[in-house]
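Trainee: Below you'll find start_23.txt; it's compact mmCIF, C-alpha atoms.
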```txt
# COMPACT_ATOMS: atom_id res chain seq x y z
CA MET H 1 0.00 0.00 0.00
CA SER H 2 2.82 2.39 0.94
CA GLU H 3 4.62 1.62 -2.34
CA THR H 4 1.49 2.42 -4.33
CA LEU H 5 1.01 5.67 -2.42
CA THR H 6 4.64 6.67 -2.99
CA ARG H 7 4.37 5.97 -6.72
CA PHE H 8 1.18 8.04 -6.93
CA ALA H 9 2.77 10.92 -4.98
CA LEU H 10 5.81 10.96 -7.26
CA ARG H 11 3.65 10.98 -10.40
CA ALA H 12 1.54 13.80 -8.96
CA TRP H 13 4.68 15.78 -8.13
CA VAL H 14 6.06 15.31 -11.65
CA ALA H 15 2.72 16.44 -13.09
CA LEU H 16 2.74 19.57 -10.92
CA VAL H 17 6.31 20.43 -11.96
CA LEU H 18 5.43 20.02 -15.65
CA LEU H 19 2.35 22.20 -15.23
CA PHE H 20 4.44 24.85 -13.47
CA LEU H 21 6.90 24.84 -16.39
CA PHE H 22 4.51 24.73 -19.33
CA ILE H 23 1.36 26.62 -18.27
CA PRO H 24 3.06 30.03 -18.87
CA ILE H 25 4.08 28.87 -22.36
CA VAL H 26 0.51 27.79 -23.14
CA VAL H 27 -0.77 31.16 -21.90
CA ILE H 28 1.58 32.97 -24.29
CA PHE H 29 0.19 30.95 -27.21
CA LEU H 30 -3.37 31.80 -26.12
CA TYR H 31 -2.53 35.52 -25.85
CA ALA H 32 -1.13 35.40 -29.39
CA PHE H 33 -4.71 34.76 -30.57
CA ASN H 34 -6.27 37.28 -28.18
CA SER H 35 -8.68 39.64 -29.90
CA SER H 36 -8.04 42.39 -27.34
CA LYS H 37 -4.95 44.52 -26.91
CA ILE H 38 -5.22 44.18 -23.13
CA GLU H 39 -3.78 41.06 -21.56
CA ALA H 40 -6.46 39.98 -19.13
CA TRP H 41 -7.84 36.67 -17.98
CA PRO H 42 -10.13 35.18 -19.07
CA ILE H 43 -9.46 36.06 -22.69
CA GLU H 44 -12.30 38.01 -24.27
CA GLY H 45 -12.11 36.25 -27.61
CA PHE H 46 -9.83 34.68 -30.18
CA SER H 47 -8.72 36.29 -33.43
CA MET H 48 -5.93 36.23 -36.03
CA ARG H 49 -5.67 40.02 -35.78
CA TRP H 50 -2.30 40.27 -34.04
CA ILE H 51 -0.74 37.55 -36.15
CA ASN H 52 -1.61 39.50 -39.30
CA VAL H 53 -0.34 42.75 -37.74
CA THR H 54 2.94 41.12 -36.68
CA LEU H 55 3.61 39.47 -40.04
CA SER H 56 3.04 42.79 -41.81
CA ASP H 57 5.40 44.67 -39.48
CA ALA H 58 8.58 45.41 -41.44
CA GLU H 59 10.65 45.72 -38.25
CA VAL H 60 9.62 42.25 -37.07
CA VAL H 61 10.22 40.69 -40.48
CA SER H 62 13.68 42.28 -40.64
CA ALA H 63 14.53 40.97 -37.16
CA ILE H 64 13.34 37.46 -38.09
CA ARG H 65 15.39 37.51 -41.29
CA LEU H 66 18.52 38.62 -39.43
CA SER H 67 18.09 35.97 -36.73
CA VAL H 68 17.64 33.23 -39.33
CA GLU H 69 20.68 34.38 -41.32
CA VAL H 70 22.86 34.52 -38.20
CA ALA H 71 21.63 31.11 -37.05
CA LEU H 72 22.32 29.50 -40.43
CA VAL H 73 25.86 30.89 -40.72
CA THR H 74 26.55 30.02 -37.08
CA THR H 75 25.31 26.48 -37.61
CA LEU H 76 27.53 26.01 -40.66
CA LEU H 77 30.64 27.25 -38.82
CA ALA H 78 29.79 25.18 -35.74
CA LEU H 79 29.39 22.07 -37.89
CA ILE H 80 32.78 22.48 -39.54
CA LEU H 81 34.75 23.50 -36.45
CA GLY H 82 32.95 21.23 -33.99
CA SER H 83 33.20 18.14 -36.20
CA CYS H 84 36.89 18.71 -36.96
CA ALA H 85 37.63 19.22 -33.27
CA ALA H 86 35.77 16.00 -32.38
CA PHE H 87 37.77 14.01 -34.96
CA ALA H 88 41.04 15.51 -33.70
CA ILE H 89 40.29 14.70 -30.05
CA HIS H 90 39.01 11.19 -30.80
CA ARG H 91 41.51 10.01 -33.43
CA THR H 92 44.78 11.45 -32.13
CA THR H 93 46.73 11.41 -28.89
CA PHE H 94 48.82 14.42 -27.98
CA PHE H 95 50.00 16.39 -24.99
CA GLY H 96 47.25 18.60 -23.53
CA ARG H 97 44.34 16.78 -25.19
CA ASP H 98 42.28 16.74 -21.99
CA ALA H 99 42.91 20.45 -21.47
CA ILE H 100 41.77 21.24 -25.01
CA ASN H 101 38.69 19.09 -24.52
CA PHE H 102 37.90 21.11 -21.39
CA LEU H 103 38.43 24.41 -23.21
CA LEU H 104 36.10 23.34 -26.02
CA VAL H 105 33.17 22.70 -23.69
CA LEU H 106 33.88 25.66 -21.40
CA PRO H 107 31.96 28.34 -23.39
CA LEU H 108 28.70 26.46 -22.91
CA ALA H 109 29.36 26.01 -19.18
CA LEU H 110 30.21 29.66 -18.59
CA PRO H 111 27.38 32.13 -17.95
CA GLY H 112 26.44 33.94 -21.14
CA ILE H 113 27.13 37.34 -19.62
CA ILE H 114 30.78 36.40 -19.04
CA THR H 115 31.18 35.27 -22.65
CA GLY H 116 29.41 38.40 -23.87
CA VAL H 117 31.53 40.80 -21.81
CA ALA H 118 34.73 39.00 -22.81
CA LEU H 119 33.87 39.13 -26.51
CA HIS H 120 32.81 42.78 -26.29
CA ALA H 121 36.09 43.69 -24.59
CA PHE H 122 38.07 41.75 -27.20
CA PHE H 123 36.29 43.42 -30.13
CA ASP H 124 36.65 46.86 -28.53
CA TYR H 125 40.36 46.35 -27.80
CA SER H 126 40.96 45.04 -31.35
CA GLY H 127 39.11 47.94 -32.94
CA ILE H 128 36.52 45.63 -34.51
CA LEU H 129 33.16 47.29 -35.04
CA LEU H 130 30.14 45.40 -33.78
CA SER H 131 28.16 43.96 -36.67
CA VAL H 132 26.47 40.80 -37.92
CA ALA H 133 29.91 39.17 -38.13
CA THR H 134 30.58 39.75 -34.43
CA ILE H 135 27.17 38.24 -33.58
CA VAL H 136 28.08 35.16 -35.60
CA VAL H 137 31.43 34.88 -33.82
CA GLY H 138 29.73 35.17 -30.44
CA HIS H 139 27.12 32.53 -31.25
CA THR H 140 29.67 30.17 -32.77
CA THR H 141 31.70 30.08 -29.54
CA PHE H 142 28.98 28.13 -27.73
CA CYS H 143 27.30 26.41 -30.70
CA ILE H 144 30.55 24.59 -31.48
CA VAL H 145 30.11 22.76 -28.18
CA VAL H 146 26.81 21.05 -29.04
CA VAL H 147 28.15 19.82 -32.38
CA TYR H 148 31.41 18.74 -30.79
CA ASN H 149 29.67 16.81 -28.00
CA ASN H 150 27.28 15.05 -30.39
CA VAL H 151 29.97 14.02 -32.88
CA LEU H 152 32.46 12.98 -30.21
CA ALA H 153 29.86 10.87 -28.40
CA ARG H 154 28.96 9.11 -31.64
CA LEU H 155 32.63 8.53 -32.52
CA ARG H 156 33.18 6.90 -29.15
CA ARG H 157 30.23 4.57 -29.84
CA THR H 158 31.43 3.72 -33.35
CA GLN H 159 33.29 0.46 -33.90
CA GLY H 160 36.74 1.15 -35.26
CA SER H 161 36.77 -2.29 -36.85
CA LEU H 162 34.33 -1.09 -39.53
CA ILE H 163 36.75 1.58 -40.71
CA GLU H 164 39.69 -0.80 -40.52
CA ALA H 165 37.78 -3.41 -42.54
CA ALA H 166 36.95 -0.85 -45.24
CA MET H 167 40.59 0.16 -45.55
CA ASP H 168 41.71 -3.49 -45.59
CA LEU H 169 39.35 -4.03 -48.54
CA GLY H 170 41.10 -1.30 -50.52
CA ALA H 171 39.00 1.78 -49.76
CA ASN H 172 40.95 5.03 -49.61
CA GLY H 173 40.43 7.68 -46.95
CA PHE H 174 37.72 9.54 -48.85
CA GLN H 175 35.78 6.38 -49.67
CA THR H 176 35.98 5.21 -46.06
CA PHE H 177 34.71 8.56 -44.85
CA LYS H 178 31.89 8.70 -47.43
CA ASP H 179 30.65 5.11 -47.11
CA ILE H 180 31.38 4.30 -43.46
CA THR H 181 32.18 7.28 -41.23
CA LEU H 182 29.67 9.79 -42.57
CA PRO H 183 26.64 7.43 -42.45
CA LEU H 184 27.58 6.47 -38.90
CA LEU H 185 27.79 10.12 -37.86
CA SER H 186 24.94 11.51 -39.96
CA THR H 187 22.27 11.59 -37.26
CA ALA H 188 24.68 13.04 -34.69
CA ILE H 189 25.75 15.77 -37.13
CA ILE H 190 22.15 16.65 -38.03
CA ALA H 191 21.16 16.68 -34.36
CA GLY H 192 24.09 18.94 -33.51
CA ALA H 193 23.19 21.29 -36.35
CA MET H 194 19.58 21.55 -35.19
CA LEU H 195 20.60 22.21 -31.61
CA ALA H 196 23.08 24.85 -32.77
CA PHE H 197 20.41 26.55 -34.89
CA ALA H 198 17.95 26.56 -31.99
CA LEU H 199 20.54 27.97 -29.58
CA SER H 200 21.61 30.71 -31.97
CA PHE H 201 18.10 31.72 -33.05
CA ASP H 202 16.87 32.65 -29.57
CA GLU H 203 20.17 33.79 -27.94
CA ILE H 204 19.90 37.13 -26.16
CA ILE H 205 22.70 37.58 -23.59
CA VAL H 206 25.78 37.19 -25.81
CA THR H 207 23.94 38.95 -28.65
CA THR H 208 23.37 42.03 -26.49
CA PHE H 209 27.13 42.51 -26.11
CA THR H 210 28.06 41.71 -29.72
CA ALA H 211 25.21 43.13 -31.81
CA GLY H 212 25.87 46.84 -31.76
CA ALA H 213 23.08 48.48 -33.75
CA GLN H 214 21.83 45.16 -35.16
CA ASN H 215 18.34 44.14 -34.08
CA THR H 216 17.87 40.38 -33.85
CA LEU H 217 14.54 38.88 -32.87
CA PRO H 218 15.36 38.27 -29.17
CA ILE H 219 16.69 41.83 -28.85
CA TRP H 220 13.49 43.16 -30.45
CA ILE H 221 11.40 41.14 -28.00
CA PHE H 222 13.38 42.40 -25.01
CA ALA H 223 13.09 46.03 -26.16
CA GLN H 224 9.31 45.79 -26.67
CA ILE H 225 8.78 44.14 -23.29
CA ARG H 226 10.62 47.02 -21.61
CA ASN H 227 8.48 49.56 -23.49
CA GLY H 228 5.28 47.61 -22.85
CA GLN H 229 3.45 49.14 -25.84
CA ARG H 230 3.38 46.25 -28.35
CA LEU H 231 2.80 43.27 -26.10
CA PRO H 232 0.26 41.57 -28.43
CA GLU H 233 2.90 41.47 -31.17
CA VAL H 234 5.46 40.26 -28.64
CA ASN H 235 3.20 37.32 -27.77
CA VAL H 236 3.00 36.33 -31.43
CA VAL H 237 6.75 36.61 -31.94
CA VAL H 238 7.51 34.70 -28.74
CA SER H 239 5.18 31.91 -29.88
CA LEU H 240 7.11 31.76 -33.15
CA VAL H 241 10.44 31.61 -31.30
CA ILE H 242 9.16 28.80 -29.07
CA LEU H 243 8.11 26.76 -32.10
CA VAL H 244 11.35 27.39 -33.97
CA THR H 245 13.32 26.40 -30.87
CA ILE H 246 11.35 23.39 -29.68
CA ILE H 247 10.91 21.60 -33.03
CA PRO H 248 14.67 21.26 -33.81
CA VAL H 249 15.35 20.17 -30.22
CA LEU H 250 12.69 17.43 -30.42
CA ILE H 251 14.04 16.23 -33.76
CA ALA H 252 17.59 16.27 -32.40
CA ALA H 253 16.53 14.24 -29.36
CA ARG H 254 14.87 11.75 -31.67
CA LEU H 255 17.92 11.46 -33.91
CA THR H 256 20.44 11.03 -31.11
CA GLY H 257 18.40 8.14 -29.74
CA GLY H 258 19.64 5.89 -32.54
CA GLY H 259 23.06 4.44 -32.88
CA GLY H 260 23.41 5.25 -36.55
CA ALA H 261 25.08 1.96 -37.39
CA SER H 262 22.10 0.75 -39.37
CA ARG H 263 22.60 3.63 -41.78
CA VAL H 264 25.81 2.23 -43.21
CA PRO H 265 24.99 1.12 -46.76
CA ALA H 266 25.34 -2.55 -47.56
CA ALA H 267 28.24 -3.60 -49.73
CA LYS H 268 27.40 -4.14 -53.36
```
Any chance you could give the structure as structure tokens?
Mentor:
Amino acid sequence: MSETLTRFALRAWVALVLLFLFIPIVVIFLYAFNSSKIEAWPIEGFSMRWINVTLSDAEVVSAIRLSVEVALVTTLLALILGSCAAFAIHRTTFFGRDAINFLLVLPLALPGIITGVALHAFFDYSGILLSVATIVVGHTTFCIVVVYNNVLARLRRTQGSLIEAAMDLGANGFQTFKDITLPLLSTAIIAGAMLAFALSFDEIIVTTFTAGAQNTLPIWIFAQIRNGQRLPEVNVVVSLVILVTIIPVLIAARLTGGGGASRVPAAK
């Protein structure tokens, strides 16, 4: 009886925690369809009014475009640098490898405000003007980590005998990479890319210190919340950010659940 009661209490506690976390998000989605400009509960009615207003706002569209462009470039750089770093750490042994591994994951562990202040001081000291390029550099510093962790974890789970067998059968380095290594790593690479895109798209702290006059979507949201005059549009934009962030994370979680070994093509 006590075991049943304990199990019920734990499930109830988990349900309460989930409700505490997700009820505010659901409320934001509901307010995005609110027909009134005043945020009051219960909602007077539902309408597409604010969605249409937001999508026709040139400032919002420009901020969305900039955030997407920054996230795409950041993801590409993180994929290249993070994957190469993972291969170097996994395949080679050299003095200081553990220290480099620690330094690679450090930017994600550090508070964003420390990374932002450090980058701002570096750009200011170097005479580099804050622009879209500095935002990309700032985002890449922590997006590399998610790609690096995903690829390195998959490499550690990959059987080295498959690569050795391919080379014993006469495959060169490029063929081995294309037919064996890349299929094994494909889901980890895609998952890392999606996580990097999601992190970059909604990043606000590092962006604040590296953006200058650039207005990304999170910065626009923060500015409008402080002004308090366009909250209905903010609700719509925040709902969009939530969707753009959650969907890649869910797909990445799904992809990293598989081992990837089944994706290696059969020999012909």
Trainee: Might you pull out every residue within 10 Å of H:Thr115, with only C-alpha atoms counted and same-chain residues fewer than 2 positions away left off, and present them as a PDB file with C-alpha atoms, in the coordinates of the input?
Mentor:
```pdb
ATOM      1  CA  PRO H 107      31.960  28.340 -23.390  1.00  0.00           C
ATOM      2  CA  LEU H 108      28.700  26.460 -22.910  1.00  0.00           C
ATOM      3  CA  LEU H 110      30.210  29.660 -18.590  1.00  0.00           C
ATOM      4  CA  PRO H 111      27.380  32.130 -17.950  1.00  0.00           C
ATOM      5  CA  GLY H 112      26.440  33.940 -21.140  1.00  0.00           C
ATOM      6  CA  ILE H 113      27.130  37.340 -19.620  1.00  0.00           C
ATOM      7  CA  VAL H 117      31.530  40.800 -21.810  1.00  0.00           C
ATOM      8  CA  ALA H 118      34.730  39.000 -22.810  1.00  0.00           C
ATOM      9  CA  LEU H 119      33.870  39.130 -26.510  1.00  0.00           C
ATOM     10  CA  HIS H 120      32.810  42.780 -26.290  1.00  0.00           C
ATOM     11  CA  ALA H 121      36.090  43.690 -24.590  1.00  0.00           C
ATOM     12  CA  GLY H 138      29.730  35.170 -30.440  1.00  0.00           C
ATOM     13  CA  HIS H 139      27.120  32.530 -31.250  1.00  0.00           C
ATOM     14  CA  THR H 141      31.700  30.080 -29.540  1.00  0.00           C
ATOM     15  CA  PHE H 142      28.980  28.130 -27.730  1.00  0.00           C
ATOM     16  CA  ILE H 205      22.700  37.580 -23.590  1.00  0.00           C
ATOM     17  CA  VAL H 206      25.780  37.190 -25.810  1.00  0.00           C
ATOM     18  CA  PHE H 209      27.130  42.510 -26.110  1.00  0.00           C
TER      19      PHE H 209
END
```
Trainee: Could you jot down the atom CA of H:Arg65 to atom CA of H:Phe46 separation for me, Å, one decimal place?
Mentor: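 Atom-to-atom, atom CA of H:Arg65 and atom CA of H:Phe46 are spaced 27.7 Å apart.
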Trainee: Between atom CA of H:Leu185 and atom CA of H:Arg97, what distance in Å does the model show, to one decimal?
Mentor: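 Here the two named atoms are 21.9 Å from each other.
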Trainee: Calculated over all atoms listed in the file, which of the candidates H:Pro218, H:Gly212, H:Pro42, H:Gly96 has the smallest distance to H:Leu30?
Mentor: H:Pro42
Trainee: Neighbours of H:Met48 within 8 Å (all atoms listed in the file; same-chain residues fewer than 6 positions away dropped), as a ChimeraX atom specification?
Mentor: /H:33-35
Trainee: From the list H:Ser131, H:Asn101, H:Thr245, H:Ser239, which residue is nearest H:Ile25 when using all atoms listed in the file?
Mentor: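 Ranking H:Ser131, H:Asn101, H:Thr245, H:Ser239 by distance to H:Ile25, first place goes to H:Ser239.
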Trainee: Work out how far apart atom CA of H:Ile219 and atom CA of H:Tyr125 are and give it in Å to one decimal.
Mentor: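 These two atoms are separated by 24.1 Å.
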